[in-house]
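Raw contents of model.pdb, PDB, C-alpha atoms:
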```pdb
ATOM      1  CA  MET A1279     -30.688 -49.163 -20.278
ATOM      2  CA  ALA A1280     -33.992 -47.602 -19.248
ATOM      3  CA  MET A1281     -33.442 -44.706 -21.667
ATOM      4  CA  ALA A1282     -32.909 -47.154 -24.540
ATOM      5  CA  TRP A1283     -36.269 -48.764 -23.787
ATOM      6  CA  LEU A1284     -37.922 -45.367 -23.447
ATOM      7  CA  TRP A1285     -36.610 -44.092 -26.797
ATOM      8  CA  THR A1286     -37.426 -47.378 -28.535
ATOM      9  CA  GLY A1287     -40.954 -47.240 -27.131
ATOM     10  CA  MET A1288     -41.446 -43.632 -28.255
ATOM     11  CA  VAL A1289     -40.268 -44.439 -31.788
ATOM     12  CA  ALA A1290     -42.467 -47.534 -31.946
ATOM     13  CA  VAL A1291     -45.555 -45.650 -30.721
ATOM     14  CA  SER A1292     -44.871 -42.847 -33.204
ATOM     15  CA  LEU A1293     -44.577 -45.312 -36.084
ATOM     16  CA  ILE A1294     -47.747 -47.145 -35.072
ATOM     17  CA  PHE A1295     -49.814 -43.950 -34.748
ATOM     18  CA  GLY A1296     -48.291 -42.552 -37.943
ATOM     19  CA  ALA A1297     -49.314 -45.671 -39.821
ATOM     20  CA  LEU A1298     -52.799 -45.795 -38.262
ATOM     21  CA  THR A1299     -53.568 -42.144 -38.994
ATOM     22  CA  GLY A1300     -52.035 -42.150 -42.456
ATOM     23  CA  ASN A1301     -49.364 -39.610 -41.487
ATOM     24  CA  LEU A1302     -46.326 -41.820 -42.059
ATOM     25  CA  ASN A1303     -44.950 -39.461 -44.730
ATOM     26  CA  ALA A1304     -45.274 -36.462 -42.376
ATOM     27  CA  LEU A1305     -43.658 -38.480 -39.604
ATOM     28  CA  SER A1306     -40.661 -39.402 -41.738
ATOM     29  CA  ALA A1307     -40.301 -35.801 -42.978
ATOM     30  CA  ALA A1308     -40.402 -34.495 -39.401
ATOM     31  CA  ALA A1309     -37.822 -37.080 -38.303
ATOM     32  CA  LEU A1310     -35.436 -36.077 -41.090
ATOM     33  CA  GLU A1311     -35.962 -32.370 -40.407
ATOM     34  CA  GLY A1312     -35.315 -32.920 -36.690
ATOM     35  CA  ALA A1313     -32.142 -34.872 -37.423
ATOM     36  CA  GLN A1314     -30.907 -32.122 -39.733
ATOM     37  CA  SER A1315     -31.605 -29.443 -37.115
ATOM     38  CA  ALA A1316     -29.782 -31.504 -34.473
ATOM     39  CA  VAL A1317     -26.690 -31.853 -36.664
ATOM     40  CA  GLU A1318     -26.702 -28.117 -37.471
ATOM     41  CA  LEU A1319     -26.974 -27.247 -33.783
ATOM     42  CA  CYS A1320     -24.148 -29.653 -32.884
ATOM     43  CA  LEU A1321     -21.868 -28.125 -35.511
ATOM     44  CA  ALA A1322     -22.680 -24.594 -34.366
ATOM     45  CA  MET A1323     -22.076 -25.563 -30.733
ATOM     46  CA  CYS A1324     -18.797 -27.255 -31.602
ATOM     47  CA  GLY A1325     -17.193 -23.915 -32.415
ATOM     48  CA  VAL A1326     -18.457 -22.318 -29.222
ATOM     49  CA  MET A1327     -17.271 -25.255 -27.114
ATOM     50  CA  CYS A1328     -13.833 -25.144 -28.753
ATOM     51  CA  LEU A1329     -13.578 -21.422 -28.046
ATOM     52  CA  TRP A1330     -14.503 -21.680 -24.362
ATOM     53  CA  THR A1331     -12.465 -24.838 -23.801
ATOM     54  CA  GLY A1332      -9.509 -22.903 -25.227
ATOM     55  CA  VAL A1333     -10.254 -19.988 -22.906
ATOM     56  CA  MET A1334     -10.351 -22.416 -19.982
ATOM     57  CA  GLU A1335      -7.007 -23.886 -21.027
ATOM     58  CA  VAL A1336      -5.448 -20.407 -21.239
ATOM     59  CA  MET A1337      -6.841 -19.658 -17.789
ATOM     60  CA  ASN A1338      -5.324 -22.923 -16.515
ATOM     61  CA  GLN A1339      -1.936 -22.049 -18.010
ATOM     62  CA  CYS A1340      -2.060 -18.597 -16.406
ATOM     63  CA  HIS A1341      -3.178 -20.148 -13.082
ATOM     64  CA  LEU A1342      -6.285 -17.963 -13.055
ATOM     65  CA  THR A1343      -8.484 -20.984 -12.357
ATOM     66  CA  ASP A1344      -6.324 -21.796  -9.326
ATOM     67  CA  ARG A1345      -6.834 -18.266  -8.033
ATOM     68  CA  LEU A1346     -10.551 -18.462  -8.660
ATOM     69  CA  ALA A1347     -10.701 -21.833  -6.915
ATOM     70  CA  SER A1348      -8.819 -20.417  -3.930
ATOM     71  CA  LEU A1349     -11.636 -17.897  -3.487
ATOM     72  CA  PHE A1350     -14.058 -20.801  -3.014
ATOM     73  CA  ARG A1351     -11.988 -22.664  -0.447
ATOM     74  CA  PRO A1352     -13.035 -20.710   2.701
ATOM     75  CA  LEU A1353     -16.716 -21.145   1.819
ATOM     76  CA  LEU A1354     -16.245 -24.819   0.929
ATOM     77  CA  ARG A1355     -14.468 -25.496   4.213
ATOM     78  CA  ARG A1356     -17.613 -24.342   6.011
ATOM     79  CA  LEU A1357     -20.059 -26.150   3.709
ATOM     80  CA  LEU A1358     -18.067 -29.374   3.328
ATOM     81  CA  PRO A1359     -15.868 -29.754   6.424
ATOM     82  CA  ASN A1360     -15.131 -33.474   5.950
ATOM     83  CA  ALA A1361     -14.272 -33.150   2.258
ATOM     84  CA  SER A1362     -12.053 -30.144   2.906
ATOM     85  CA  ARG A1363      -9.751 -32.258   5.083
ATOM     86  CA  ASP A1364      -8.354 -33.828   1.915
ATOM     87  CA  SER A1365      -6.588 -31.175  -0.157
ATOM     88  CA  GLU A1366      -6.961 -33.070  -3.437
ATOM     89  CA  THR A1367     -10.718 -33.459  -2.944
ATOM     90  CA  LEU A1368     -11.037 -29.796  -2.025
ATOM     91  CA  ALA A1369      -9.021 -28.837  -5.113
ATOM     92  CA  ALA A1370     -11.295 -30.925  -7.364
ATOM     93  CA  ILE A1371     -14.426 -29.405  -5.810
ATOM     94  CA  SER A1372     -13.028 -25.878  -6.139
ATOM     95  CA  ALA A1373     -12.033 -26.427  -9.767
ATOM     96  CA  ASN A1374     -15.447 -27.946 -10.487
ATOM     97  CA  LEU A1375     -17.273 -24.943  -9.059
ATOM     98  CA  SER A1376     -14.915 -22.555 -10.864
ATOM     99  CA  ALA A1377     -15.662 -24.201 -14.203
ATOM    100  CA  ASP A1378     -19.386 -24.086 -13.422
ATOM    101  CA  LEU A1379     -19.063 -20.404 -12.512
ATOM    102  CA  LEU A1380     -17.614 -19.751 -15.960
ATOM    103  CA  GLY A1381     -20.413 -21.717 -17.606
ATOM    104  CA  LEU A1382     -18.134 -24.548 -18.713
ATOM    105  CA  GLY A1383     -20.311 -27.456 -17.660
ATOM    106  CA  ASN A1384     -18.528 -29.890 -19.978
ATOM    107  CA  ALA A1385     -15.181 -29.003 -18.437
ATOM    108  CA  ALA A1386     -16.667 -29.161 -14.938
ATOM    109  CA  THR A1387     -18.075 -32.676 -15.296
ATOM    110  CA  PRO A1388     -14.799 -34.636 -15.017
ATOM    111  CA  LEU A1389     -13.749 -32.524 -12.042
ATOM    112  CA  GLY A1390     -17.090 -33.121 -10.337
ATOM    113  CA  ILE A1391     -16.868 -36.857 -10.975
ATOM    114  CA  ARG A1392     -13.356 -36.956  -9.530
ATOM    115  CA  ALA A1393     -14.490 -35.030  -6.439
ATOM    116  CA  ALA A1394     -17.557 -37.262  -6.008
ATOM    117  CA  CYS A1395     -15.444 -40.416  -6.311
ATOM    118  CA  ARG A1396     -13.046 -39.144  -3.677
ATOM    119  CA  MET A1397     -15.911 -38.099  -1.392
ATOM    120  CA  SER A1398     -17.711 -41.436  -1.779
ATOM    121  CA  ARG A1399     -14.834 -43.412  -0.311
ATOM    122  CA  GLY A1400     -16.026 -45.022   2.885
ATOM    123  CA  CYS A1401     -19.700 -44.236   2.259
ATOM    124  CA  LYS A1402     -20.528 -47.949   1.822
ATOM    125  CA  GLY A1403     -23.089 -47.432  -0.929
ATOM    126  CA  THR A1404     -24.973 -44.558   0.697
ATOM    127  CA  ALA A1405     -24.237 -40.978  -0.277
ATOM    128  CA  SER A1406     -23.105 -38.768   2.573
ATOM    129  CA  ASP A1407     -24.757 -35.428   3.274
ATOM    130  CA  GLU A1408     -21.686 -33.661   1.885
ATOM    131  CA  LEU A1409     -21.775 -35.691  -1.324
ATOM    132  CA  CYS A1410     -25.436 -34.769  -1.761
ATOM    133  CA  LEU A1411     -24.494 -31.147  -1.132
ATOM    134  CA  LEU A1412     -21.824 -31.352  -3.853
ATOM    135  CA  VAL A1413     -24.417 -32.662  -6.303
ATOM    136  CA  VAL A1414     -26.705 -29.755  -5.402
ATOM    137  CA  LEU A1415     -23.896 -27.213  -5.836
ATOM    138  CA  ASN A1416     -22.877 -28.755  -9.141
ATOM    139  CA  THR A1417     -26.407 -29.001 -10.484
ATOM    140  CA  ALA A1418     -27.661 -25.571  -9.407
ATOM    141  CA  SER A1419     -24.314 -23.827 -10.069
ATOM    142  CA  ILE A1420     -24.022 -20.054 -10.106
ATOM    143  CA  GLN A1421     -22.954 -18.963 -13.580
ATOM    144  CA  LEU A1422     -21.268 -15.674 -14.361
ATOM    145  CA  LEU A1423     -20.938 -16.539 -18.041
ATOM    146  CA  PRO A1424     -23.549 -18.974 -19.394
ATOM    147  CA  THR A1425     -21.378 -19.876 -22.368
ATOM    148  CA  THR A1426     -23.327 -22.937 -23.516
ATOM    149  CA  LEU A1427     -26.638 -21.099 -23.438
ATOM    150  CA  ALA A1428     -25.101 -18.100 -25.196
ATOM    151  CA  GLY A1429     -23.687 -20.455 -27.827
ATOM    152  CA  VAL A1430     -27.112 -21.953 -28.467
ATOM    153  CA  ARG A1431     -28.635 -18.480 -28.701
ATOM    154  CA  ALA A1432     -25.888 -17.328 -31.091
ATOM    155  CA  SER A1433     -26.322 -20.394 -33.300
ATOM    156  CA  LEU A1434     -30.037 -19.610 -33.550
ATOM    157  CA  GLY A1435     -29.326 -16.055 -34.741
ATOM    158  CA  THR A1436     -29.747 -13.946 -31.592
ATOM    159  CA  ALA A1437     -28.194 -10.505 -32.022
ATOM    160  CA  ASP A1438     -26.966 -10.320 -28.410
ATOM    161  CA  PRO A1439     -26.576 -13.814 -26.922
ATOM    162  CA  PHE A1440     -25.443 -12.478 -23.540
ATOM    163  CA  ASP A1441     -28.387 -10.110 -22.966
ATOM    164  CA  ILE A1442     -29.796 -12.695 -20.553
ATOM    165  CA  LEU A1443     -26.993 -12.229 -17.999
ATOM    166  CA  PRO A1444     -28.985 -10.476 -15.225
ATOM    167  CA  ALA A1445     -31.724 -13.109 -15.387
ATOM    168  CA  VAL A1446     -29.156 -15.937 -15.361
ATOM    169  CA  TRP A1447     -27.316 -14.430 -12.406
ATOM    170  CA  LEU A1448     -30.480 -13.995 -10.372
ATOM    171  CA  THR A1449     -31.996 -17.386 -11.143
ATOM    172  CA  SER A1450     -28.752 -19.301 -10.654
ATOM    173  CA  LEU A1451     -28.106 -17.557  -7.338
ATOM    174  CA  LEU A1452     -31.644 -18.302  -6.160
ATOM    175  CA  SER A1453     -31.402 -21.924  -7.306
ATOM    176  CA  VAL A1454     -28.164 -22.447  -5.369
ATOM    177  CA  PHE A1455     -29.648 -20.959  -2.192
ATOM    178  CA  ALA A1456     -32.835 -23.002  -2.571
ATOM    179  CA  GLY A1457     -30.810 -26.162  -3.235
ATOM    180  CA  LEU A1458     -28.520 -25.577  -0.256
ATOM    181  CA  LEU A1459     -31.488 -24.886   2.013
ATOM    182  CA  ALA A1460     -33.306 -28.005   0.807
ATOM    183  CA  ALA A1461     -30.191 -30.170   1.193
ATOM    184  CA  LYS A1462     -29.567 -28.905   4.729
ATOM    185  CA  LEU A1463     -33.222 -29.367   5.713
ATOM    186  CA  PHE A1464     -33.397 -32.872   4.261
ATOM    187  CA  ALA A1465     -30.129 -33.797   5.966
ATOM    188  CA  HIS A1466     -31.458 -32.508   9.286
ATOM    189  CA  PHE A1467     -34.884 -34.139   9.113
ATOM    190  CA  TRP A1468     -33.676 -37.376   7.537
ATOM    191  CA  ARG A1469     -31.421 -38.042  10.518
ATOM    192  CA  ASN A1470     -34.181 -37.332  13.041
TER     193      ASN A1470
END
```

Rewritten as structure tokens:
Amino acid sequence: MAMAWLWTGMVAVSLIFGALTGNLNALSAAALEGAQSAVELCLAMCGVMCLWTGVMEVMNQCHLTDRLASLFRPLLRRLLPNASRDSETLAAISANLSADLLGLGNAATPLGIRAACRMSRGCKGTASDELCLLVVLNTASIQLLPTTLAGVRASLGTADPFDILPAVWLTSLLSVFAGLLAAKLFAHFWRN
């Protein structure tokens, strides 16, 4: 609801200043151009999302995602000991992180929501430290293949959309470590 008020306020302020400064024609032209660019980007991204969702489905059918998720389980048992007691929760977390690793954020979202719902049982309205840690892992996620970003770059005409891989690997790895460190420190100091 807050976003609706924010967007309505921004549009209203833009219209008022456009009218006051005599730039209403430029404002309407910019709005139409922005809408056209947004539709073009959505259509270009649709193809990329279909491709990678199909790849994810093939990986699911071949059980490659299960194997990838099984690689995460020993680490997750150490990071999230309470959540790892429930095999279904651990499976959802592992699948979520596997999809994030492959850069499939849209496919990872339902898995992350399912894991968070299972982890929030018994929290009584307050997120547990492990639930906060899951949010950090999901948000900062290490990505081997940044498919969405590569799709945006390809739709904008980049010759090599994956030339950013080393930078993505380094920054995503650093963001996960920084997020984990911050979550652990906040959990430690918040309790004390």

* Calculate how many Å separate CA of Ala1373 in chain A from CA of Arg1392 in chain A, rounding to one decimal. => 10.6 Å

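Here the question is which of A:Ala1322, A:Leu1342, A:Met1327, A:Val1289 gets nearest to Ala1309 in chain A using all atoms listed in the file, and that residue is A:Val1289.
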
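Taken over the shown file, the PyMOL selection byres ((chain A and resi 1323) around 8) identifies Leu1319, Cys1320, Leu1321, Ala1322, Cys1324, Gly1325, Val1326, Met1327, Thr1426, Gly1429, Val1430 and Ser1433 of chain A.
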
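Between CA of Ala1386 in chain A and CA of Asn1374 in chain A lies a distance of 4.8 Å.
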
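Proximity ranking of A:Leu1293, A:Ala1432, A:Ala1361, A:Ala1377 relative to Leu1409 in chain A places A:Ala1361 first, based on only C-alpha atoms.
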
* To do: For the file shown, report as a ChimeraX atom specification the outcome of the PyMOL selection byres ((chain A and resi 1454-1463) around 10) at residue level.
  => /A:1357,1407-1408,1410-1420,1449-1453,1464-1468

* Structure fact -> Between A:Ile1294, A:Leu1382, A:Arg1351, A:Gln1339, smallest distance to Ser1365 in chain A by all atoms listed in the file belongs to A:Arg1351

* Point-to-point distance in Å for CA of Trp1447 in chain A and CA of Leu1422 in chain A -> 6.5 Å

On this structure, which residues satisfy the PyMOL selection byres ((chain A and resi 1376) around 9), written as a CSV table (one decimal) with C-alpha atoms, in the coordinates of the input?
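Ended up saving to expr_19.csv:
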```csv
chain,number,residue,atom,x,y,z
A,1343,THR,CA,-8.5,-21.0,-12.4
A,1344,ASP,CA,-6.3,-21.8,-9.3
A,1346,LEU,CA,-10.6,-18.5,-8.7
A,1347,ALA,CA,-10.7,-21.8,-6.9
A,1350,PHE,CA,-14.1,-20.8,-3.0
A,1371,ILE,CA,-14.4,-29.4,-5.8
A,1372,SER,CA,-13.0,-25.9,-6.1
A,1373,ALA,CA,-12.0,-26.4,-9.8
A,1374,ASN,CA,-15.4,-27.9,-10.5
A,1375,LEU,CA,-17.3,-24.9,-9.1
A,1377,ALA,CA,-15.7,-24.2,-14.2
A,1378,ASP,CA,-19.4,-24.1,-13.4
A,1379,LEU,CA,-19.1,-20.4,-12.5
A,1380,LEU,CA,-17.6,-19.8,-16.0
A,1381,GLY,CA,-20.4,-21.7,-17.6
A,1382,LEU,CA,-18.1,-24.5,-18.7
A,1386,ALA,CA,-16.7,-29.2,-14.9
```

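Residue nearest Arg1345 in chain A, chosen from A:Thr1331, A:Met1281, A:Phe1295, A:Ala1369 and counting only C-alpha atoms: A:Ala1369.
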
Please extract range 1289-1364 of chain A and write it out with C-alpha atoms, as a short mmCIF file (atom, residue, chain, number, x, y, z; two decimals), in the first residue's frame.
```cif
data_model
loop_
_atom_site.label_atom_id
_atom_site.label_comp_id
_atom_site.auth_asym_id
_atom_site.auth_seq_id
_atom_site.Cartn_x
_atom_site.Cartn_y
_atom_site.Cartn_z
CA VAL A 1289 3.29 11.11 -10.60
CA ALA A 1290 1.33 13.95 -9.01
CA VAL A 1291 4.49 15.95 -8.23
CA SER A 1292 5.77 15.37 -11.77
CA LEU A 1293 2.50 16.58 -13.28
CA ILE A 1294 2.40 19.65 -11.05
CA PHE A 1295 6.00 20.66 -11.81
CA GLY A 1296 5.52 19.87 -15.50
CA ALA A 1297 2.50 22.15 -15.62
CA LEU A 1298 4.18 24.93 -13.60
CA THR A 1299 7.34 24.95 -15.71
CA GLY A 1300 5.55 24.58 -19.03
CA ASN A 1301 7.16 21.19 -19.74
CA LEU A 1302 3.97 19.12 -19.79
CA ASN A 1303 4.56 18.07 -23.41
CA ALA A 1304 8.12 16.91 -22.59
CA LEU A 1305 6.81 15.09 -19.54
CA SER A 1306 4.19 13.20 -21.53
CA ALA A 1307 6.73 12.35 -24.26
CA ALA A 1308 9.18 11.04 -21.66
CA ALA A 1309 6.44 8.98 -19.99
CA LEU A 1310 5.46 7.37 -23.30
CA GLU A 1311 9.09 6.73 -24.23
CA GLY A 1312 9.73 5.15 -20.82
CA ALA A 1313 6.67 2.94 -21.15
CA GLN A 1314 7.78 1.81 -24.60
CA SER A 1315 11.28 1.00 -23.34
CA ALA A 1316 9.81 -0.96 -20.42
CA VAL A 1317 7.64 -3.06 -22.72
CA GLU A 1318 10.58 -3.74 -25.07
CA LEU A 1319 12.75 -4.81 -22.15
CA CYS A 1320 10.01 -7.09 -20.78
CA LEU A 1321 9.58 -8.78 -24.16
CA ALA A 1322 13.33 -9.25 -24.56
CA MET A 1323 13.59 -10.66 -21.03
CA CYS A 1324 10.66 -13.00 -21.61
CA GLY A 1325 12.69 -15.06 -24.06
CA VAL A 1326 15.67 -15.25 -21.73
CA MET A 1327 13.47 -16.25 -18.78
CA CYS A 1328 11.77 -18.95 -20.86
CA LEU A 1329 15.15 -20.32 -21.91
CA TRP A 1330 16.58 -20.51 -18.39
CA THR A 1331 13.34 -21.77 -16.86
CA GLY A 1332 13.46 -24.55 -19.46
CA VAL A 1333 17.08 -25.28 -18.57
CA MET A 1334 16.07 -25.47 -14.90
CA GLU A 1335 13.25 -27.87 -15.75
CA VAL A 1336 15.63 -30.11 -17.73
CA MET A 1337 18.01 -30.05 -14.77
CA ASN A 1338 15.12 -31.01 -12.48
CA GLN A 1339 14.14 -33.90 -14.75
CA CYS A 1340 17.75 -35.13 -14.83
CA HIS A 1341 18.00 -34.71 -11.02
CA LEU A 1342 20.99 -32.40 -11.43
CA THR A 1343 19.40 -29.84 -9.12
CA ASP A 1344 19.04 -32.53 -6.45
CA ARG A 1345 22.73 -33.33 -6.77
CA LEU A 1346 23.64 -29.67 -6.61
CA ALA A 1347 21.41 -29.22 -3.56
CA SER A 1348 23.05 -32.20 -1.87
CA LEU A 1349 26.38 -30.37 -2.10
CA PHE A 1350 24.89 -27.56 0.00
CA ARG A 1351 23.48 -29.77 2.73
CA PRO A 1352 26.67 -30.24 4.83
CA LEU A 1353 27.27 -26.48 4.87
CA LEU A 1354 23.61 -25.73 5.61
CA ARG A 1355 23.59 -28.18 8.50
CA ARG A 1356 26.34 -26.11 10.12
CA LEU A 1357 24.81 -22.72 9.29
CA LEU A 1358 21.18 -23.64 10.03
CA PRO A 1359 21.20 -26.50 12.56
CA ASN A 1360 17.56 -26.11 13.64
CA ALA A 1361 16.20 -25.87 10.10
CA SER A 1362 18.25 -28.86 8.97
CA ARG A 1363 16.40 -31.11 11.43
CA ASP A 1364 13.41 -31.05 9.08
#
```
